[in-house]
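File shown here: model_34.txt, holding compact mmCIF, N, CA and C atoms.
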```
# COMPACT_ATOMS: atom_id res chain seq x y z
N MET A 1 -0.85 18.00 -4.80
CA MET A 1 -1.39 16.75 -5.27
C MET A 1 -2.61 17.04 -6.14
N GLN A 2 -2.68 16.39 -7.27
CA GLN A 2 -3.81 16.53 -8.17
C GLN A 2 -4.92 15.56 -7.74
N TYR A 3 -6.15 16.01 -7.82
CA TYR A 3 -7.26 15.11 -7.55
C TYR A 3 -8.43 15.53 -8.41
N SER A 4 -9.34 14.62 -8.57
CA SER A 4 -10.54 14.87 -9.36
C SER A 4 -11.73 14.88 -8.42
N GLU A 5 -12.64 15.79 -8.63
CA GLU A 5 -13.85 15.85 -7.81
C GLU A 5 -14.74 14.62 -8.06
N SER A 6 -14.40 13.79 -9.06
CA SER A 6 -15.24 12.64 -9.37
C SER A 6 -15.00 11.46 -8.43
N PHE A 7 -13.91 11.47 -7.67
CA PHE A 7 -13.70 10.41 -6.70
C PHE A 7 -13.27 11.03 -5.38
N PRO A 8 -13.67 10.39 -4.28
CA PRO A 8 -13.37 10.96 -2.97
C PRO A 8 -11.90 10.77 -2.57
N LEU A 9 -11.39 11.74 -1.82
CA LEU A 9 -10.01 11.72 -1.39
C LEU A 9 -9.90 12.36 -0.01
N ILE A 10 -9.10 11.75 0.86
CA ILE A 10 -8.79 12.31 2.17
C ILE A 10 -7.33 12.74 2.15
N GLN A 11 -7.05 13.94 2.67
CA GLN A 11 -5.68 14.41 2.83
C GLN A 11 -5.48 14.87 4.27
N VAL A 12 -4.28 14.67 4.78
CA VAL A 12 -3.89 15.20 6.08
C VAL A 12 -2.61 16.01 5.85
N ARG A 13 -2.64 17.27 6.24
CA ARG A 13 -1.45 18.12 6.15
C ARG A 13 -1.02 18.49 7.55
N LEU A 14 0.20 18.09 7.91
CA LEU A 14 0.75 18.47 9.20
C LEU A 14 1.32 19.88 9.07
N HIS A 15 1.09 20.72 10.08
CA HIS A 15 1.57 22.10 10.03
C HIS A 15 3.07 22.16 9.82
N ASP A 16 3.49 23.07 8.98
CA ASP A 16 4.90 23.29 8.64
C ASP A 16 5.56 22.04 8.05
N ASN A 17 4.75 21.10 7.55
CA ASN A 17 5.27 19.84 7.00
C ASN A 17 6.22 19.13 7.96
N LYS A 18 6.02 19.36 9.24
CA LYS A 18 6.86 18.76 10.27
C LYS A 18 6.56 17.26 10.33
N ARG A 19 7.61 16.44 10.48
CA ARG A 19 7.44 14.99 10.52
C ARG A 19 8.04 14.36 11.77
N VAL A 20 8.83 15.12 12.53
CA VAL A 20 9.48 14.58 13.72
C VAL A 20 9.02 15.39 14.93
N TYR A 21 8.54 14.68 15.96
CA TYR A 21 7.98 15.31 17.15
C TYR A 21 8.59 14.68 18.39
N ARG A 22 8.50 15.43 19.49
CA ARG A 22 8.93 14.93 20.79
C ARG A 22 7.69 14.73 21.67
N PRO A 23 7.78 13.85 22.66
CA PRO A 23 6.66 13.68 23.60
C PRO A 23 6.28 15.03 24.24
N GLY A 24 4.98 15.25 24.38
CA GLY A 24 4.48 16.48 24.98
C GLY A 24 4.32 17.63 24.00
N GLU A 25 4.82 17.49 22.80
CA GLU A 25 4.65 18.53 21.78
C GLU A 25 3.27 18.42 21.15
N PRO A 26 2.75 19.55 20.65
CA PRO A 26 1.49 19.46 19.91
C PRO A 26 1.72 18.94 18.49
N LEU A 27 0.87 18.04 18.07
CA LEU A 27 0.80 17.59 16.69
C LEU A 27 -0.40 18.31 16.10
N ALA A 28 -0.15 19.20 15.15
CA ALA A 28 -1.23 20.01 14.60
C ALA A 28 -1.25 19.89 13.08
N GLY A 29 -2.44 19.97 12.54
CA GLY A 29 -2.58 19.88 11.10
C GLY A 29 -4.01 20.13 10.67
N THR A 30 -4.28 19.78 9.43
CA THR A 30 -5.60 19.97 8.84
C THR A 30 -5.99 18.74 8.06
N ILE A 31 -7.23 18.30 8.26
CA ILE A 31 -7.80 17.20 7.50
C ILE A 31 -8.65 17.81 6.39
N MET A 32 -8.47 17.33 5.17
CA MET A 32 -9.23 17.84 4.03
C MET A 32 -9.96 16.69 3.36
N LEU A 33 -11.23 16.89 3.12
CA LEU A 33 -12.06 15.90 2.43
C LEU A 33 -12.41 16.46 1.06
N HIS A 34 -11.99 15.76 0.03
CA HIS A 34 -12.24 16.21 -1.35
C HIS A 34 -13.20 15.25 -2.03
N GLY A 35 -14.05 15.77 -2.88
CA GLY A 35 -14.93 14.94 -3.69
C GLY A 35 -16.00 14.21 -2.92
N MET A 36 -16.34 14.70 -1.71
CA MET A 36 -17.37 14.07 -0.88
C MET A 36 -18.38 15.13 -0.45
N ARG A 37 -19.63 14.83 -0.65
CA ARG A 37 -20.69 15.70 -0.10
C ARG A 37 -20.98 15.25 1.32
N ARG A 38 -21.31 16.18 2.16
CA ARG A 38 -21.57 15.84 3.58
C ARG A 38 -22.71 14.83 3.73
N ASP A 39 -23.69 14.85 2.82
CA ASP A 39 -24.79 13.90 2.93
C ASP A 39 -24.40 12.49 2.50
N GLU A 40 -23.20 12.31 1.93
CA GLU A 40 -22.69 10.98 1.58
C GLU A 40 -21.97 10.31 2.76
N LEU A 41 -21.72 11.09 3.81
CA LEU A 41 -20.93 10.60 4.94
C LEU A 41 -21.80 10.28 6.14
N LYS A 42 -21.56 9.12 6.75
CA LYS A 42 -22.17 8.83 8.05
C LYS A 42 -21.37 9.54 9.13
N SER A 43 -20.04 9.35 9.08
CA SER A 43 -19.16 9.99 10.05
C SER A 43 -17.73 9.99 9.53
N VAL A 44 -16.90 10.84 10.13
CA VAL A 44 -15.47 10.87 9.84
C VAL A 44 -14.75 10.88 11.18
N THR A 45 -13.86 9.92 11.37
CA THR A 45 -13.12 9.80 12.62
C THR A 45 -11.64 10.04 12.38
N MET A 46 -11.03 10.81 13.27
CA MET A 46 -9.59 11.07 13.24
C MET A 46 -8.97 10.45 14.48
N GLN A 47 -7.89 9.70 14.28
CA GLN A 47 -7.18 9.09 15.41
C GLN A 47 -5.68 9.37 15.28
N VAL A 48 -5.04 9.57 16.41
CA VAL A 48 -3.58 9.59 16.48
C VAL A 48 -3.20 8.31 17.20
N LEU A 49 -2.40 7.48 16.54
CA LEU A 49 -2.14 6.15 17.09
C LEU A 49 -0.77 5.64 16.71
N TRP A 50 -0.35 4.59 17.44
CA TRP A 50 0.86 3.86 17.11
C TRP A 50 0.47 2.43 16.78
N PHE A 51 1.33 1.77 15.99
CA PHE A 51 1.10 0.36 15.70
C PHE A 51 2.44 -0.32 15.46
N THR A 52 2.45 -1.62 15.71
CA THR A 52 3.69 -2.39 15.52
C THR A 52 3.65 -3.12 14.19
N GLU A 53 4.86 -3.42 13.73
CA GLU A 53 5.04 -4.19 12.51
C GLU A 53 6.23 -5.10 12.73
N GLY A 54 6.16 -6.31 12.26
CA GLY A 54 7.29 -7.22 12.38
C GLY A 54 6.87 -8.57 12.91
N LYS A 55 7.79 -9.22 13.59
CA LYS A 55 7.56 -10.56 14.10
C LYS A 55 6.50 -10.54 15.19
N GLY A 56 5.60 -11.51 15.15
CA GLY A 56 4.55 -11.59 16.16
C GLY A 56 3.28 -10.88 15.70
N ASP A 57 2.34 -10.79 16.63
CA ASP A 57 1.05 -10.17 16.34
C ASP A 57 1.18 -8.65 16.26
N ARG A 58 0.37 -8.07 15.40
CA ARG A 58 0.32 -6.61 15.30
C ARG A 58 -0.37 -6.07 16.54
N ASP A 59 0.17 -4.99 17.08
CA ASP A 59 -0.42 -4.32 18.23
C ASP A 59 -0.66 -2.88 17.84
N GLU A 60 -1.59 -2.24 18.55
CA GLU A 60 -1.97 -0.87 18.21
C GLU A 60 -2.48 -0.18 19.47
N GLY A 61 -2.19 1.10 19.59
CA GLY A 61 -2.70 1.88 20.71
C GLY A 61 -3.15 3.25 20.23
N ILE A 62 -4.33 3.65 20.64
CA ILE A 62 -4.89 4.93 20.22
C ILE A 62 -4.60 5.97 21.29
N ALA A 63 -3.86 7.00 20.93
CA ALA A 63 -3.53 8.08 21.86
C ALA A 63 -4.62 9.14 21.89
N TYR A 64 -5.34 9.31 20.76
CA TYR A 64 -6.39 10.32 20.68
C TYR A 64 -7.37 9.91 19.59
N SER A 65 -8.65 10.13 19.83
CA SER A 65 -9.68 9.83 18.83
C SER A 65 -10.77 10.88 18.90
N GLU A 66 -11.24 11.29 17.75
CA GLU A 66 -12.30 12.31 17.68
C GLU A 66 -13.16 12.07 16.44
N THR A 67 -14.46 12.18 16.63
CA THR A 67 -15.38 12.17 15.49
C THR A 67 -15.57 13.62 15.07
N LEU A 68 -15.30 13.90 13.79
CA LEU A 68 -15.34 15.27 13.30
C LEU A 68 -16.78 15.77 13.20
N ASP A 69 -16.96 17.05 13.47
CA ASP A 69 -18.26 17.71 13.30
C ASP A 69 -18.40 18.06 11.83
N LEU A 70 -19.23 17.33 11.12
CA LEU A 70 -19.35 17.49 9.66
C LEU A 70 -20.10 18.75 9.26
N ARG A 71 -20.63 19.48 10.22
CA ARG A 71 -21.28 20.75 9.89
C ARG A 71 -20.24 21.80 9.54
N GLY A 72 -19.01 21.57 9.93
CA GLY A 72 -17.91 22.48 9.59
C GLY A 72 -17.36 22.14 8.23
N GLY A 73 -16.21 22.65 7.96
CA GLY A 73 -15.52 22.25 6.74
C GLY A 73 -15.47 23.35 5.71
N PRO A 74 -14.82 23.10 4.61
CA PRO A 74 -14.41 21.81 4.09
C PRO A 74 -13.13 21.27 4.74
N ASP A 75 -12.41 22.12 5.51
CA ASP A 75 -11.20 21.67 6.18
C ASP A 75 -11.45 21.54 7.67
N PHE A 76 -10.75 20.60 8.30
CA PHE A 76 -10.93 20.32 9.72
C PHE A 76 -9.58 20.40 10.43
N PRO A 77 -9.30 21.53 11.10
CA PRO A 77 -8.03 21.64 11.82
C PRO A 77 -8.05 20.79 13.08
N PHE A 78 -6.86 20.34 13.51
CA PHE A 78 -6.74 19.57 14.74
C PHE A 78 -5.43 19.91 15.43
N SER A 79 -5.38 19.69 16.73
CA SER A 79 -4.16 19.83 17.52
C SER A 79 -4.26 18.87 18.70
N VAL A 80 -3.23 18.05 18.88
CA VAL A 80 -3.21 17.01 19.90
C VAL A 80 -1.84 17.05 20.58
N ILE A 81 -1.81 16.96 21.91
CA ILE A 81 -0.55 16.85 22.64
C ILE A 81 -0.13 15.38 22.62
N LEU A 82 1.08 15.13 22.17
CA LEU A 82 1.56 13.75 22.02
C LEU A 82 1.98 13.16 23.37
N PRO A 83 1.72 11.86 23.56
CA PRO A 83 2.07 11.19 24.82
C PRO A 83 3.57 10.90 24.92
N PRO A 84 4.03 10.48 26.10
CA PRO A 84 5.46 10.20 26.28
C PRO A 84 5.95 8.91 25.62
N LEU A 85 5.09 7.93 25.46
CA LEU A 85 5.48 6.62 24.94
C LEU A 85 4.35 5.99 24.15
N PRO A 86 4.64 5.02 23.30
CA PRO A 86 5.95 4.52 22.92
C PRO A 86 6.61 5.41 21.88
N LEU A 87 7.90 5.41 21.85
CA LEU A 87 8.64 6.17 20.85
C LEU A 87 8.71 5.35 19.56
N THR A 88 8.85 6.04 18.45
CA THR A 88 9.05 5.37 17.17
C THR A 88 10.32 4.53 17.27
N TYR A 89 10.25 3.32 16.72
CA TYR A 89 11.38 2.40 16.81
C TYR A 89 11.47 1.60 15.52
N TYR A 90 12.68 1.49 14.96
CA TYR A 90 12.89 0.72 13.75
C TYR A 90 13.94 -0.36 14.01
N GLY A 91 13.54 -1.45 14.64
CA GLY A 91 14.44 -2.55 14.92
C GLY A 91 14.38 -3.61 13.84
N PHE A 92 15.22 -4.62 13.98
CA PHE A 92 15.27 -5.71 13.00
C PHE A 92 14.01 -6.57 13.05
N LEU A 93 13.55 -6.91 14.27
CA LEU A 93 12.38 -7.77 14.42
C LEU A 93 11.08 -7.02 14.66
N LEU A 94 11.18 -5.78 15.11
CA LEU A 94 9.98 -5.02 15.48
C LEU A 94 10.15 -3.56 15.11
N LYS A 95 9.08 -2.99 14.61
CA LYS A 95 9.03 -1.56 14.32
C LYS A 95 7.80 -0.97 15.00
N ILE A 96 7.93 0.24 15.51
CA ILE A 96 6.79 0.97 16.07
C ILE A 96 6.60 2.23 15.25
N HIS A 97 5.43 2.37 14.65
CA HIS A 97 5.09 3.50 13.80
C HIS A 97 4.02 4.35 14.47
N TRP A 98 4.03 5.65 14.18
CA TRP A 98 2.97 6.57 14.60
C TRP A 98 2.31 7.15 13.36
N CYS A 99 1.00 7.45 13.45
CA CYS A 99 0.31 8.07 12.33
C CYS A 99 -0.95 8.79 12.78
N VAL A 100 -1.43 9.65 11.90
CA VAL A 100 -2.77 10.21 12.00
C VAL A 100 -3.60 9.38 11.03
N ARG A 101 -4.66 8.75 11.52
CA ARG A 101 -5.54 7.94 10.68
C ARG A 101 -6.90 8.63 10.60
N VAL A 102 -7.38 8.79 9.38
CA VAL A 102 -8.70 9.37 9.16
C VAL A 102 -9.55 8.34 8.43
N LYS A 103 -10.73 8.06 8.99
CA LYS A 103 -11.63 7.10 8.37
C LYS A 103 -12.96 7.79 8.07
N ALA A 104 -13.36 7.74 6.81
CA ALA A 104 -14.65 8.27 6.37
C ALA A 104 -15.61 7.09 6.20
N ASP A 105 -16.63 7.06 7.04
CA ASP A 105 -17.66 6.02 6.99
C ASP A 105 -18.74 6.52 6.03
N MET A 106 -18.77 5.92 4.84
CA MET A 106 -19.67 6.37 3.77
C MET A 106 -21.05 5.72 3.91
N ARG A 107 -22.07 6.45 3.52
CA ARG A 107 -23.43 5.89 3.54
C ARG A 107 -23.58 4.79 2.50
N ARG A 108 -22.94 4.95 1.35
CA ARG A 108 -22.96 3.94 0.29
C ARG A 108 -21.55 3.69 -0.18
N GLY A 109 -21.31 2.47 -0.60
CA GLY A 109 -19.99 2.15 -1.14
C GLY A 109 -18.96 1.90 -0.06
N ARG A 110 -17.73 1.94 -0.48
CA ARG A 110 -16.60 1.61 0.36
C ARG A 110 -16.22 2.76 1.30
N ASP A 111 -15.91 2.41 2.55
CA ASP A 111 -15.37 3.40 3.47
C ASP A 111 -13.94 3.74 3.03
N LEU A 112 -13.50 4.94 3.38
CA LEU A 112 -12.17 5.39 3.00
C LEU A 112 -11.31 5.55 4.25
N THR A 113 -10.05 5.16 4.16
CA THR A 113 -9.11 5.34 5.26
C THR A 113 -7.82 5.91 4.70
N TYR A 114 -7.24 6.87 5.43
CA TYR A 114 -5.97 7.47 5.04
C TYR A 114 -5.09 7.58 6.28
N GLU A 115 -3.80 7.29 6.13
CA GLU A 115 -2.85 7.42 7.23
C GLU A 115 -1.71 8.33 6.82
N GLU A 116 -1.35 9.25 7.71
CA GLU A 116 -0.21 10.15 7.52
C GLU A 116 0.77 9.87 8.65
N GLY A 117 1.94 9.33 8.31
CA GLY A 117 2.91 8.94 9.31
C GLY A 117 3.75 10.09 9.83
N PHE A 118 4.26 9.92 11.04
CA PHE A 118 5.21 10.86 11.64
C PHE A 118 6.07 10.09 12.63
N THR A 119 7.12 10.72 13.12
CA THR A 119 8.05 10.10 14.05
C THR A 119 7.92 10.75 15.42
N LEU A 120 7.85 9.91 16.46
CA LEU A 120 7.84 10.39 17.85
C LEU A 120 9.14 9.92 18.49
N THR A 121 10.01 10.86 18.84
CA THR A 121 11.32 10.51 19.38
C THR A 121 11.70 11.54 20.44
N SER A 122 12.74 11.24 21.19
CA SER A 122 13.12 12.15 22.27
C SER A 122 14.55 12.64 22.09
N GLY A 123 14.87 13.71 22.78
CA GLY A 123 16.24 14.21 22.87
C GLY A 123 16.89 14.49 21.54
N GLN A 124 18.17 14.17 21.45
CA GLN A 124 18.97 14.48 20.27
C GLN A 124 18.53 13.71 19.04
N GLU A 125 17.86 12.56 19.24
CA GLU A 125 17.43 11.79 18.07
C GLU A 125 16.51 12.62 17.19
N ALA A 126 15.66 13.47 17.80
CA ALA A 126 14.74 14.30 17.03
C ALA A 126 15.51 15.26 16.14
N HIS A 127 16.55 15.89 16.67
CA HIS A 127 17.35 16.82 15.88
C HIS A 127 18.07 16.08 14.75
N TRP A 128 18.64 14.92 15.07
CA TRP A 128 19.38 14.15 14.08
C TRP A 128 18.46 13.65 12.98
N THR A 129 17.26 13.14 13.34
CA THR A 129 16.33 12.59 12.36
C THR A 129 15.81 13.67 11.43
N GLU A 130 15.55 14.88 11.95
CA GLU A 130 15.02 15.96 11.12
C GLU A 130 16.02 16.41 10.06
N HIS A 131 17.31 16.28 10.34
CA HIS A 131 18.33 16.84 9.45
C HIS A 131 19.12 15.79 8.68
N ARG A 132 18.62 14.55 8.64
CA ARG A 132 19.30 13.51 7.88
C ARG A 132 19.19 13.77 6.41
```

What do you get writing this file as structure tokens?
Amino acid sequence: MQYSESFPLIQVRLHDNKRVYRPGEPLAGTIMLHGMRRDELKSVTMQVLWFTEGKGDRDEGIAYSETLDLRGGPDFPFSVILPPLPLTYYGFLLKIHWCVRVKADMRRGRDLTYEEGFTLTSGQEAHWTEHR
């Protein structure tokens, strides 16, 4: 991906570009902050969460949350063991999505948020989904 140092950008790279996971597996990757000086940031938070989409109210559950230590960097590796439920679901009236959400709370200007989606499924569905 091309980016310019003149504007801030958040990237999340999942290890091995893996997109399908099973409950209990580690979700590992790296968060990269481009075009941001550490003194421009109040904080950066990483969450692994699920959320619903469809008929009715949106619901959301946070499986893991961490405020990054900004003294490190420029890349921030992470590894989280995924919970057993809820599994990703794509129904007609309701969908359940999983993602890694990174929020950069800026000292000035607009805060930045980035989401990197993945699938949490069990059994043979994981094998089938990976090879579609």

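For the pair atom N of Arg58 of chain A and atom N of Gly117 of chain A, the interatomic distance is 18.9 Å.
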
List every protein, DNA or RNA residue that has an atom no more than 8 Å from (-8.8, 22.9, 15.2) in the file's coordinate frame, counting all atoms listed in the file, and report them as a ChimeraX atom specification. /A:29-30,76-79

Those same residues - N, CA and C atoms - I'd like them written as a PDB file, in the coordinates of the input.
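Output (out.pdb):
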```
ATOM      1  N   GLY A  29      -2.440  19.970  12.540  1.00  0.00           N
ATOM      2  CA  GLY A  29      -2.580  19.880  11.100  1.00  0.00           C
ATOM      3  C   GLY A  29      -4.010  20.130  10.670  1.00  0.00           C
ATOM      4  N   THR A  30      -4.280  19.780   9.430  1.00  0.00           N
ATOM      5  CA  THR A  30      -5.600  19.970   8.840  1.00  0.00           C
ATOM      6  C   THR A  30      -5.990  18.740   8.060  1.00  0.00           C
ATOM      7  N   PHE A  76     -10.750  20.600   8.300  1.00  0.00           N
ATOM      8  CA  PHE A  76     -10.930  20.320   9.720  1.00  0.00           C
ATOM      9  C   PHE A  76      -9.580  20.400  10.430  1.00  0.00           C
ATOM     10  N   PRO A  77      -9.300  21.530  11.100  1.00  0.00           N
ATOM     11  CA  PRO A  77      -8.030  21.640  11.820  1.00  0.00           C
ATOM     12  C   PRO A  77      -8.050  20.790  13.080  1.00  0.00           C
ATOM     13  N   PHE A  78      -6.860  20.340  13.510  1.00  0.00           N
ATOM     14  CA  PHE A  78      -6.740  19.570  14.740  1.00  0.00           C
ATOM     15  C   PHE A  78      -5.430  19.910  15.430  1.00  0.00           C
ATOM     16  N   SER A  79      -5.380  19.690  16.730  1.00  0.00           N
ATOM     17  CA  SER A  79      -4.160  19.830  17.520  1.00  0.00           C
ATOM     18  C   SER A  79      -4.260  18.870  18.700  1.00  0.00           C
TER      19      SER A  79
END
```

Quick one: 8 Å padding each side, axis-aligned, all listed atoms of segment 15-31 of chain A - centre and edge lengths in Å to one decimal, as JSON?
```
{"center_x": 0.4, "center_y": 18.5, "center_z": 15.7, "size_x": 34.1, "size_y": 25.6, "size_z": 34.6}
```

Just give me the gap between atom CA of Thr52 of chain A and atom CA of Tyr90 of chain A in Å, one decimal is fine. 9.9 Å

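A straight line drawn from atom C of Pro23 of chain A to atom N of Trp50 of chain A is 14.1 Å long.
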
Taking (-11.4, 3.8, 7.4) in the file's coordinates, which residues come within 6.5 Å, counting all atoms listed in the file, written as a PyMOL selection string? chain A and resi 102-105+111-114

What parts of chain A does DSSP call strand (DSSP E or B)? I'd like the answer as an MDAnalysis selection string. chainID A and resid 9:14 20:21 26:34 41:54 60:67 75:81 89:90 94:106 112:120

Find the residues near segment 62-75 of chain A: any atom within 6.5 Å, counting all atoms listed in the file, skip ones fewer than 3 places away on the same chain, and give them as a PyMOL selection string. chain A and resi 30-33+43-50
